[in-house]
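Engineer: Have a peek at my_file-v2.cif (mmCIF, C-alpha atoms).
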```
data_model
#
loop_
_atom_site.label_atom_id
_atom_site.label_comp_id
_atom_site.auth_asym_id
_atom_site.auth_seq_id
_atom_site.Cartn_x
_atom_site.Cartn_y
_atom_site.Cartn_z
CA MET A 18 -3.78 -43.45 34.89
CA GLY A 19 -5.59 -40.41 36.25
CA ARG A 20 -2.51 -38.31 35.63
CA ASP A 21 -2.35 -39.48 31.99
CA ARG A 22 -6.02 -38.63 31.52
CA THR A 23 -5.49 -35.12 32.90
CA ARG A 24 -2.44 -34.64 30.72
CA ARG A 25 -4.34 -35.74 27.65
CA ALA A 26 -7.27 -33.45 28.51
CA VAL A 27 -4.90 -30.46 28.84
CA LEU A 28 -3.18 -31.21 25.54
CA VAL A 29 -6.45 -31.77 23.69
CA SER A 30 -7.84 -28.51 25.12
CA ALA A 31 -4.70 -26.62 24.06
CA ALA A 32 -4.87 -28.14 20.59
CA GLY A 33 -8.57 -27.25 20.36
CA LEU A 34 -7.87 -23.69 21.42
CA ALA A 35 -5.03 -23.40 18.90
CA LEU A 36 -7.25 -24.79 16.15
CA GLY A 37 -10.02 -22.37 17.10
CA LEU A 38 -7.61 -19.42 16.98
CA ALA A 39 -6.18 -20.63 13.69
CA LEU A 40 -9.60 -20.86 12.12
CA ALA A 41 -10.74 -17.51 13.52
CA GLY A 42 -7.57 -15.67 12.47
CA CYS A 43 -6.56 -12.17 13.42
CA TRP A 44 -7.30 -9.23 11.13
CA THR A 45 -5.71 -5.83 10.68
CA ARG A 46 -7.38 -3.38 8.33
CA LEU A 47 -6.03 -0.07 7.04
CA GLY A 48 -7.83 2.21 4.61
CA THR A 49 -7.85 5.65 3.08
CA ASN A 50 -9.96 7.99 0.94
CA ILE A 51 -8.19 9.84 -1.85
CA PRO A 52 -9.45 12.20 -4.57
CA THR A 53 -7.44 10.52 -7.34
CA ASP A 54 -4.68 7.93 -7.64
CA THR A 55 -3.05 9.34 -10.77
CA PHE A 56 -1.31 12.60 -11.55
CA VAL A 57 -3.50 14.75 -13.80
CA PRO A 58 -1.57 17.45 -15.66
CA PRO A 59 -2.86 21.00 -15.19
CA GLY A 60 -5.41 21.87 -17.85
CA ALA A 61 -6.55 18.28 -18.44
CA VAL A 62 -10.26 17.48 -18.20
CA VAL A 63 -11.49 14.52 -16.13
CA GLU A 64 -14.68 12.85 -17.40
CA PRO A 65 -16.29 10.42 -14.89
CA LEU A 66 -17.53 7.14 -16.37
CA GLY A 67 -19.15 5.39 -13.39
CA PRO A 68 -18.54 3.48 -10.15
CA VAL A 69 -16.20 0.50 -10.10
CA SER A 70 -14.79 -1.83 -7.46
CA ALA A 71 -12.32 -4.71 -7.31
CA THR A 72 -10.79 -6.99 -4.67
CA LYS A 73 -7.93 -9.43 -4.70
CA SER A 74 -6.55 -11.60 -1.92
CA VAL A 75 -3.24 -13.50 -1.84
CA GLY A 76 -2.23 -16.06 0.79
CA HIS A 77 1.25 -17.11 1.89
CA TRP A 78 2.78 -19.40 4.53
CA LEU A 79 5.07 -17.91 7.22
CA TRP A 80 5.07 -14.32 5.95
CA ALA A 81 2.60 -11.93 4.38
CA VAL A 82 2.73 -10.81 0.78
CA GLU A 83 3.47 -7.09 0.61
CA ALA A 84 0.72 -4.77 -0.63
CA ASP A 85 3.09 -3.18 -3.12
CA LYS A 86 2.72 -1.24 -6.36
CA ALA A 87 2.49 -4.36 -8.55
CA PHE A 88 -0.31 -5.78 -6.37
CA TYR A 89 -2.14 -2.43 -6.25
CA ASP A 90 -1.81 -1.91 -10.02
CA GLU A 91 -3.29 -5.36 -10.65
CA VAL A 92 -6.40 -4.57 -8.55
CA ARG A 93 -6.58 -1.13 -10.17
CA ARG A 94 -6.55 -2.69 -13.65
CA MET A 95 -9.36 -5.05 -12.59
CA ALA A 96 -11.42 -2.06 -11.45
CA LEU A 97 -10.75 0.09 -14.52
CA LYS A 98 -11.57 -2.80 -16.86
CA GLN A 99 -15.21 -2.58 -15.77
CA ARG A 100 -15.66 0.89 -17.34
CA GLY A 101 -12.60 1.33 -19.51
CA GLY A 102 -11.27 4.50 -17.92
CA ASP A 103 -7.75 5.86 -17.46
CA ILE A 104 -7.81 6.82 -13.79
CA LEU A 105 -9.79 6.37 -10.58
CA ILE A 106 -11.26 9.30 -8.72
CA ASN A 107 -12.96 9.66 -5.30
CA LEU A 108 -11.70 6.25 -4.29
CA LYS A 109 -11.37 4.16 -1.17
CA VAL A 110 -8.37 1.87 -0.86
CA LYS A 111 -8.57 -0.78 1.86
CA THR A 112 -5.89 -3.27 2.85
CA THR A 113 -6.62 -6.27 5.06
CA LEU A 114 -4.04 -8.53 6.63
CA GLY A 115 -5.26 -11.87 7.92
CA SER A 116 -2.99 -13.84 10.24
CA TYR A 117 -3.56 -17.43 11.32
CA LEU A 118 -1.31 -18.08 14.32
CA ASP A 119 1.61 -16.40 12.53
CA LEU A 120 1.77 -19.46 10.28
CA TYR A 121 -0.43 -18.44 7.36
CA TYR A 122 -1.19 -14.92 6.13
CA THR A 123 -3.59 -13.35 3.65
CA THR A 124 -3.14 -9.91 2.10
CA GLU A 125 -6.18 -8.33 0.49
CA ILE A 126 -6.58 -5.05 -1.41
CA THR A 127 -10.01 -3.59 -2.14
CA ILE A 128 -10.60 -0.56 -4.35
CA GLU A 129 -13.92 1.29 -4.66
CA GLY A 130 -14.19 4.44 -6.72
CA ILE A 131 -15.24 6.17 -9.91
CA ALA A 132 -13.54 5.32 -13.19
CA ALA A 133 -12.74 8.38 -15.27
CA ARG A 134 -11.18 9.38 -18.56
CA VAL A 135 -8.53 12.08 -18.85
CA VAL A 136 -8.91 14.33 -21.88
CA MET A 137 -5.95 16.53 -22.70
CA PRO A 138 -6.76 19.93 -24.17
CA ALA A 139 -6.12 20.02 -27.91
CA ALA A 140 -3.03 22.02 -28.83
CA ALA A 141 -3.99 25.30 -30.39
CA PRO A 142 -3.11 25.42 -34.12
CA PRO A 143 -0.22 27.73 -34.83
CA GLY A 144 -1.26 31.22 -35.64
CA SER A 145 -4.69 30.91 -34.05
CA MET B 29 -0.49 -44.11 25.02
CA THR B 30 2.63 -42.03 24.40
CA PRO B 31 2.62 -41.59 20.60
CA PRO B 32 -0.37 -39.17 20.54
CA PHE B 33 1.25 -37.19 23.37
CA LYS B 34 4.47 -36.95 21.42
CA SER B 35 2.72 -35.71 18.26
CA LEU B 36 0.64 -33.21 20.22
CA ALA B 37 3.74 -32.01 22.05
CA GLY B 38 5.48 -31.62 18.70
CA ALA B 39 2.56 -29.62 17.36
CA GLY B 40 2.61 -27.48 20.49
CA LEU B 41 6.33 -26.83 20.13
CA LEU B 42 5.85 -25.82 16.49
CA LEU B 43 3.06 -23.48 17.50
CA CYS B 44 5.16 -21.94 20.30
CA ALA B 45 8.08 -21.47 17.90
CA ALA B 46 5.83 -19.76 15.35
CA LEU B 47 4.35 -17.47 18.01
CA ALA B 48 7.76 -16.64 19.45
CA ALA B 49 9.16 -15.81 16.03
CA GLY B 50 6.40 -13.26 15.54
CA GLY B 51 5.26 -12.12 12.17
CA CYS B 52 3.62 -9.54 10.03
CA ALA B 53 1.28 -7.27 11.99
CA ALA B 54 0.02 -4.90 9.30
CA VAL B 55 0.29 -4.15 5.59
CA GLY B 56 -1.06 -1.18 3.69
CA VAL B 57 -0.95 0.59 0.35
CA TRP B 58 -1.48 4.26 -0.48
CA PRO B 59 -1.43 5.65 -4.02
CA VAL B 60 -0.25 9.27 -4.19
CA PRO B 61 -0.62 11.24 -7.47
CA ALA B 62 2.20 13.70 -6.61
CA THR B 63 4.45 13.87 -3.55
CA HIS B 64 4.95 17.65 -3.77
CA GLU B 65 2.75 20.61 -4.64
CA LEU B 66 3.32 22.07 -8.10
CA PRO B 67 4.61 25.64 -7.99
CA PRO B 68 2.64 28.02 -10.21
CA GLN B 69 3.70 28.36 -13.83
CA THR B 70 5.62 25.08 -13.83
CA ARG B 71 5.25 21.84 -15.65
CA VAL B 72 6.28 18.33 -14.63
CA VAL B 73 8.89 16.54 -16.73
CA PRO B 74 9.14 12.78 -16.03
CA ILE B 75 12.63 11.30 -15.60
CA GLY B 76 11.98 7.60 -14.98
CA ALA B 77 10.77 4.89 -12.61
CA VAL B 78 12.39 4.85 -9.15
CA LYS B 79 12.03 2.98 -5.86
CA GLY B 80 12.84 4.06 -2.31
CA TYR B 81 12.93 2.22 1.00
CA ALA B 82 13.25 3.10 4.68
CA LYS B 83 12.70 1.24 7.94
CA ASP B 84 12.99 1.78 11.68
CA TRP B 85 12.80 -0.24 14.91
CA PHE B 86 10.60 0.43 17.92
CA PHE B 87 10.16 -1.26 21.29
CA THR B 88 6.92 -1.12 23.24
CA PHE B 89 5.77 -2.32 26.62
CA GLY B 90 2.08 -2.70 25.89
CA GLY B 91 0.31 -0.86 23.10
CA VAL B 92 1.54 -0.32 19.57
CA PRO B 93 3.94 2.23 18.06
CA ASP B 94 2.98 4.80 15.42
CA ILE B 95 2.87 2.34 12.54
CA MET B 96 2.04 5.12 10.05
CA HIS B 97 5.18 6.99 11.07
CA PRO B 98 5.47 9.93 8.63
CA ASP B 99 9.24 10.32 9.10
CA ILE B 100 9.88 6.81 7.75
CA ALA B 101 7.64 7.39 4.74
CA GLN B 102 9.44 10.69 4.12
CA ALA B 103 12.82 8.95 4.35
CA ALA B 104 11.63 6.44 1.73
CA THR B 105 10.61 9.34 -0.55
CA LYS B 106 14.03 11.00 -0.12
CA ASP B 107 15.71 7.67 -0.87
CA ALA B 108 13.76 7.40 -4.13
CA LEU B 109 14.47 10.99 -5.14
CA ALA B 110 18.18 10.86 -4.24
CA ALA B 111 19.10 8.49 -7.06
CA THR B 112 17.93 10.85 -9.80
CA GLN B 113 18.12 14.31 -8.17
CA ALA B 114 14.42 14.66 -8.97
CA ASP B 115 12.06 17.21 -7.41
CA LEU B 116 9.05 14.97 -6.87
CA LEU B 117 7.46 11.59 -7.51
CA THR B 118 4.33 11.26 -9.59
CA ASN B 119 1.97 8.27 -9.55
CA ALA B 120 3.71 7.01 -6.44
CA THR B 121 2.55 3.99 -4.47
CA TYR B 122 3.52 3.78 -0.80
CA SER B 123 3.59 0.33 0.81
CA LEU B 124 3.70 -0.27 4.55
CA TYR B 125 4.93 -3.49 6.14
CA VAL B 126 4.92 -3.89 9.92
CA THR B 127 6.55 -6.85 11.66
CA ARG B 128 6.04 -7.58 15.36
CA ILE B 129 8.49 -9.70 17.37
CA PRO B 130 6.88 -10.71 20.68
CA LEU B 131 9.84 -10.56 23.07
CA GLY B 132 7.42 -11.27 25.92
CA LEU B 133 5.97 -14.27 24.05
CA TYR B 134 2.51 -12.61 24.20
CA ILE B 135 2.51 -13.12 27.98
CA ALA B 136 4.26 -9.86 28.91
CA GLY B 137 3.52 -7.04 26.47
CA VAL B 138 7.12 -6.46 25.40
CA ASN B 139 7.35 -6.23 21.64
CA ALA B 140 9.89 -5.19 19.04
CA TRP B 141 8.45 -3.67 15.87
CA ILE B 142 10.01 -3.18 12.45
CA ILE B 143 8.16 -0.57 10.40
CA SER B 144 9.19 -0.34 6.77
CA TRP B 145 7.95 1.87 3.95
CA THR B 146 8.58 1.31 0.26
CA VAL B 147 7.68 3.84 -2.41
CA GLU B 148 7.61 3.24 -6.15
CA GLY B 149 6.76 5.87 -8.72
CA THR B 150 7.98 8.12 -11.50
CA ALA B 151 10.71 10.60 -10.64
CA ALA B 152 10.04 14.00 -12.18
CA ARG B 153 11.45 17.51 -12.36
CA PHE B 154 9.75 20.88 -12.19
CA GLU B 155 10.41 23.09 -15.19
CA PRO B 156 9.14 26.58 -15.82
CA MET B 157 6.34 26.79 -18.34
CA PRO B 158 7.60 27.87 -21.77
CA PRO B 159 6.65 31.47 -22.49
CA ALA B 160 3.50 31.82 -24.54
CA GLN B 161 4.21 32.40 -28.24
CA PRO B 162 3.11 35.86 -29.29
CA SER B 163 0.37 35.57 -31.89
CA PRO B 164 1.23 37.13 -35.26
CA PRO B 165 -0.44 40.44 -35.99
CA THR B 166 -3.76 40.07 -37.72
CA PRO B 167 -3.77 41.67 -41.18
CA GLU B 168 -5.73 44.86 -41.51
CA PRO B 169 -9.02 44.31 -43.35
CA PRO B 170 -8.96 45.94 -46.75
CA HIS B 171 -10.51 49.35 -46.76
CA GLY B 172 -13.49 49.80 -48.99
CA PRO B 173 -13.71 52.45 -51.67
#
```
How would this structure read if it were set down as structure tokens?
Structural biologist:
Amino acid sequence: MGRDRTRRAVLVSAAGLALGLALAGCWTRLGTNIPTDTFVPPGAVVEPLGPVSATKSVGHWLWAVEADKAFYDEVRRMALKQRGGDILINLKVKTTLGSYLDLYYTTEITIEGIAARVVMPAAAPPGS
Amino acid sequence: MTPPFKSLAGAGLLLCAALAAGGCAAVGVWPVPATHELPPQTRVVPIGAVKGYAKDWFFTFGGVPDIMHPDIAQAATKDALAATQADLLTNATYSLYVTRIPLGLYIAGVNAWIISWTVEGTAARFEPMPPAQPSPPTPEPPHGP
């Protein structure tokens, strides 16, 4: 009887610890600062429009969703929509991976930067 | 008394299996406007969308490997460029995916790591700038009397 009670206490403690770890999760964050995320041809003029930011998080069981180009472009579009620009300048890109006991994962991308418009120089009229 | 023990033991086994299998340890994304510096007096001619991939294995006894390994990212770039014989990638997006396999079951710090880089962008070629068109001679203003 005493042995059963001890066994149950150990199992309940282990389950409680596992639940606590699962709820707390484990986080890995990577980030960078970059001057611009888009190639600007030489001679083009960049006109800043204002600060923007966007975040998106996706969850998945058993493996993490990759922070790939499609995911990044989606968050980028969300950010640019706020000001209607073409590119982002002076931006921070942060990626966060959340892991819950290697059973459930979240992938999050956050973008903070300045939306800007690219103005190409007008072609000179022939003969000018 | 036994049924709850059995279910708890089953849950414990599932948990142990998940931990032993390991999983994703890090993900990241880096947008890069151009992978190479433009030489002077050149222009960039886009060829088309490309994708490159490279991965490598590492083993550690405690600690973590260089998850931002530049050689793997460079190999992914070369893989993307090889298909089209391009000179550079523009509007490239680098994605990092790190998987950890806990060979020591988190008790001993023996881990295997798979570090993979994927790059997607526009392959492009350098071309010399076209020579500037000489402007036609301006007509002489008419001389007055």
Engineer: Please, which residues in chain B fall within 6 Å of chain A when counting all atoms listed in the file, and what is the closest atom pair and distance in Å to one decimal for each, ordered by chain then residue number, as a Markdown table?
Structural biologist:
```
| residue | atom | partner | partner_atom | distance |
| --- | --- | --- | --- | --- |
| B:Gly51 | CA | A:Asp119 | CA | 5.6 |
| B:Ala54 | CA | A:Thr45 | CA | 6.0 |
| B:Gly56 | CA | A:Thr112 | CA | 5.3 |
| B:Val57 | CA | A:Ala84 | CA | 5.7 |
| B:Pro59 | CA | A:Asp54 | CA | 5.4 |
| B:Val60 | CA | A:Asp54 | CA | 5.8 |
| B:Pro61 | CA | A:Phe56 | CA | 4.4 |
| B:Asn119 | CA | A:Thr55 | CA | 5.3 |
| B:Thr121 | CA | A:Lys86 | CA | 5.6 |
| B:Ser123 | CA | A:Asp85 | CA | 5.3 |
| B:Ser163 | CA | A:Gly144 | CA | 6.0 |
```
Engineer: Counting all atoms listed in the file, which residue out of A:Ala71, A:Val92, A:Pro138, A:Val63 sits closest to Ile104 (chain A)?
Structural biologist: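 With all atoms listed in the file as the atom set, the closest residue is A:Val63.
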Engineer: Taking the file above as input, evaluate the PyMOL selection byres ((chain B and resi 116) around 7) and report the hits as a list in words.
Structural biologist: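 This file, filtered by the PyMOL selection byres ((chain B and resi 116) around 7), leaves Ala62, Thr63, His64, Leu109, Ala114, Asp115, Leu117, Thr118, Ala151, Ala152 and Arg153 of chain B.
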Engineer: For the residues selected in the previous step, produce a file with C-alpha atoms as a PDB file, in the coordinates of the input.
Structural biologist:
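This went into result15.pdb:
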```
ATOM      1  CA  ALA B  62       2.200  13.700  -6.610  1.00  0.00           C
ATOM      2  CA  THR B  63       4.450  13.870  -3.550  1.00  0.00           C
ATOM      3  CA  HIS B  64       4.950  17.650  -3.770  1.00  0.00           C
ATOM      4  CA  LEU B 109      14.470  10.990  -5.140  1.00  0.00           C
ATOM      5  CA  ALA B 114      14.420  14.660  -8.970  1.00  0.00           C
ATOM      6  CA  ASP B 115      12.060  17.210  -7.410  1.00  0.00           C
ATOM      7  CA  LEU B 117       7.460  11.590  -7.510  1.00  0.00           C
ATOM      8  CA  THR B 118       4.330  11.260  -9.590  1.00  0.00           C
ATOM      9  CA  ALA B 151      10.710  10.600 -10.640  1.00  0.00           C
ATOM     10  CA  ALA B 152      10.040  14.000 -12.180  1.00  0.00           C
ATOM     11  CA  ARG B 153      11.450  17.510 -12.360  1.00  0.00           C
TER      12      ARG B 153
END
```
Engineer: Identify the residues around (13.4, -0.9, 14.7) within a radius of 6 Å, measuring from all atoms listed in the file in the coordinates stated by the file, and give them as a VMD selection string.
Structural biologist: chain B and resid 84 to 86 141 to 142
Engineer: Just give me the gap between CA of Ala111 (chain B) and CA of Pro68 (chain B) in Å, one decimal is fine.
Structural biologist: 25.7 Å
Engineer: To one decimal place in Å, what is the distance between CA of Ala132 (chain A) and CA of Arg93 (chain A)?
Structural biologist: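 Atom-to-atom, CA of Ala132 (chain A) to CA of Arg93 (chain A), that is 10.0 Å.
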Engineer: Would you kindly return, as a PyMOL selection string, each protein, DNA or RNA residue with an atom no farther than 7 Å from any atom of Gly130 (chain A), considering all atoms listed in the file and excluding same-chain residues fewer than 6 positions away?
Structural biologist: chain A and resi 68-70+105-109
Engineer: I'd like to know which of A:Val136, A:Ile128, A:Leu34, A:Ala26 is closest to Lys73 (chain A), using all atoms listed in the file.
Structural biologist: A:Ile128
Engineer: In Å to one decimal, how far is CA of Val73 (chain B) from CA of Ala133 (chain A)?
Structural biologist: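 Computing the Euclidean distance for CA of Ala133 (chain A) and CA of Val73 (chain B) yields 23.2 Å.
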Engineer: Of the candidates B:Val126, B:Val55, B:Met96, B:Val78, which shows the shortest atom-to-atom distance to Ala140 (chain B), using all atoms listed in the file?
Structural biologist: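 Looking only at the distances to Ala140 (chain B), the closest residue turns out to be B:Val126.
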Engineer: Between B:Thr105, B:Thr150, B:Gln113, B:Thr127, which has the minimum distance to Ala82 (chain B) (counting all atoms listed in the file)?
Structural biologist: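 For Ala82 (chain B), the nearest of the candidates is B:Thr105.
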Engineer: For region 117-132 of chain A, I'd like the enclosing box, axis-aligned and padded by 6 Å on every side, reported as AutoDock Vina command-line options with centre and edge lengths in Å to one decimal.
Structural biologist:
```
--center_x -6.7 --center_y -6.6 --center_z 0.6 --size_x 29.0 --size_y 37.6 --size_z 39.5
```
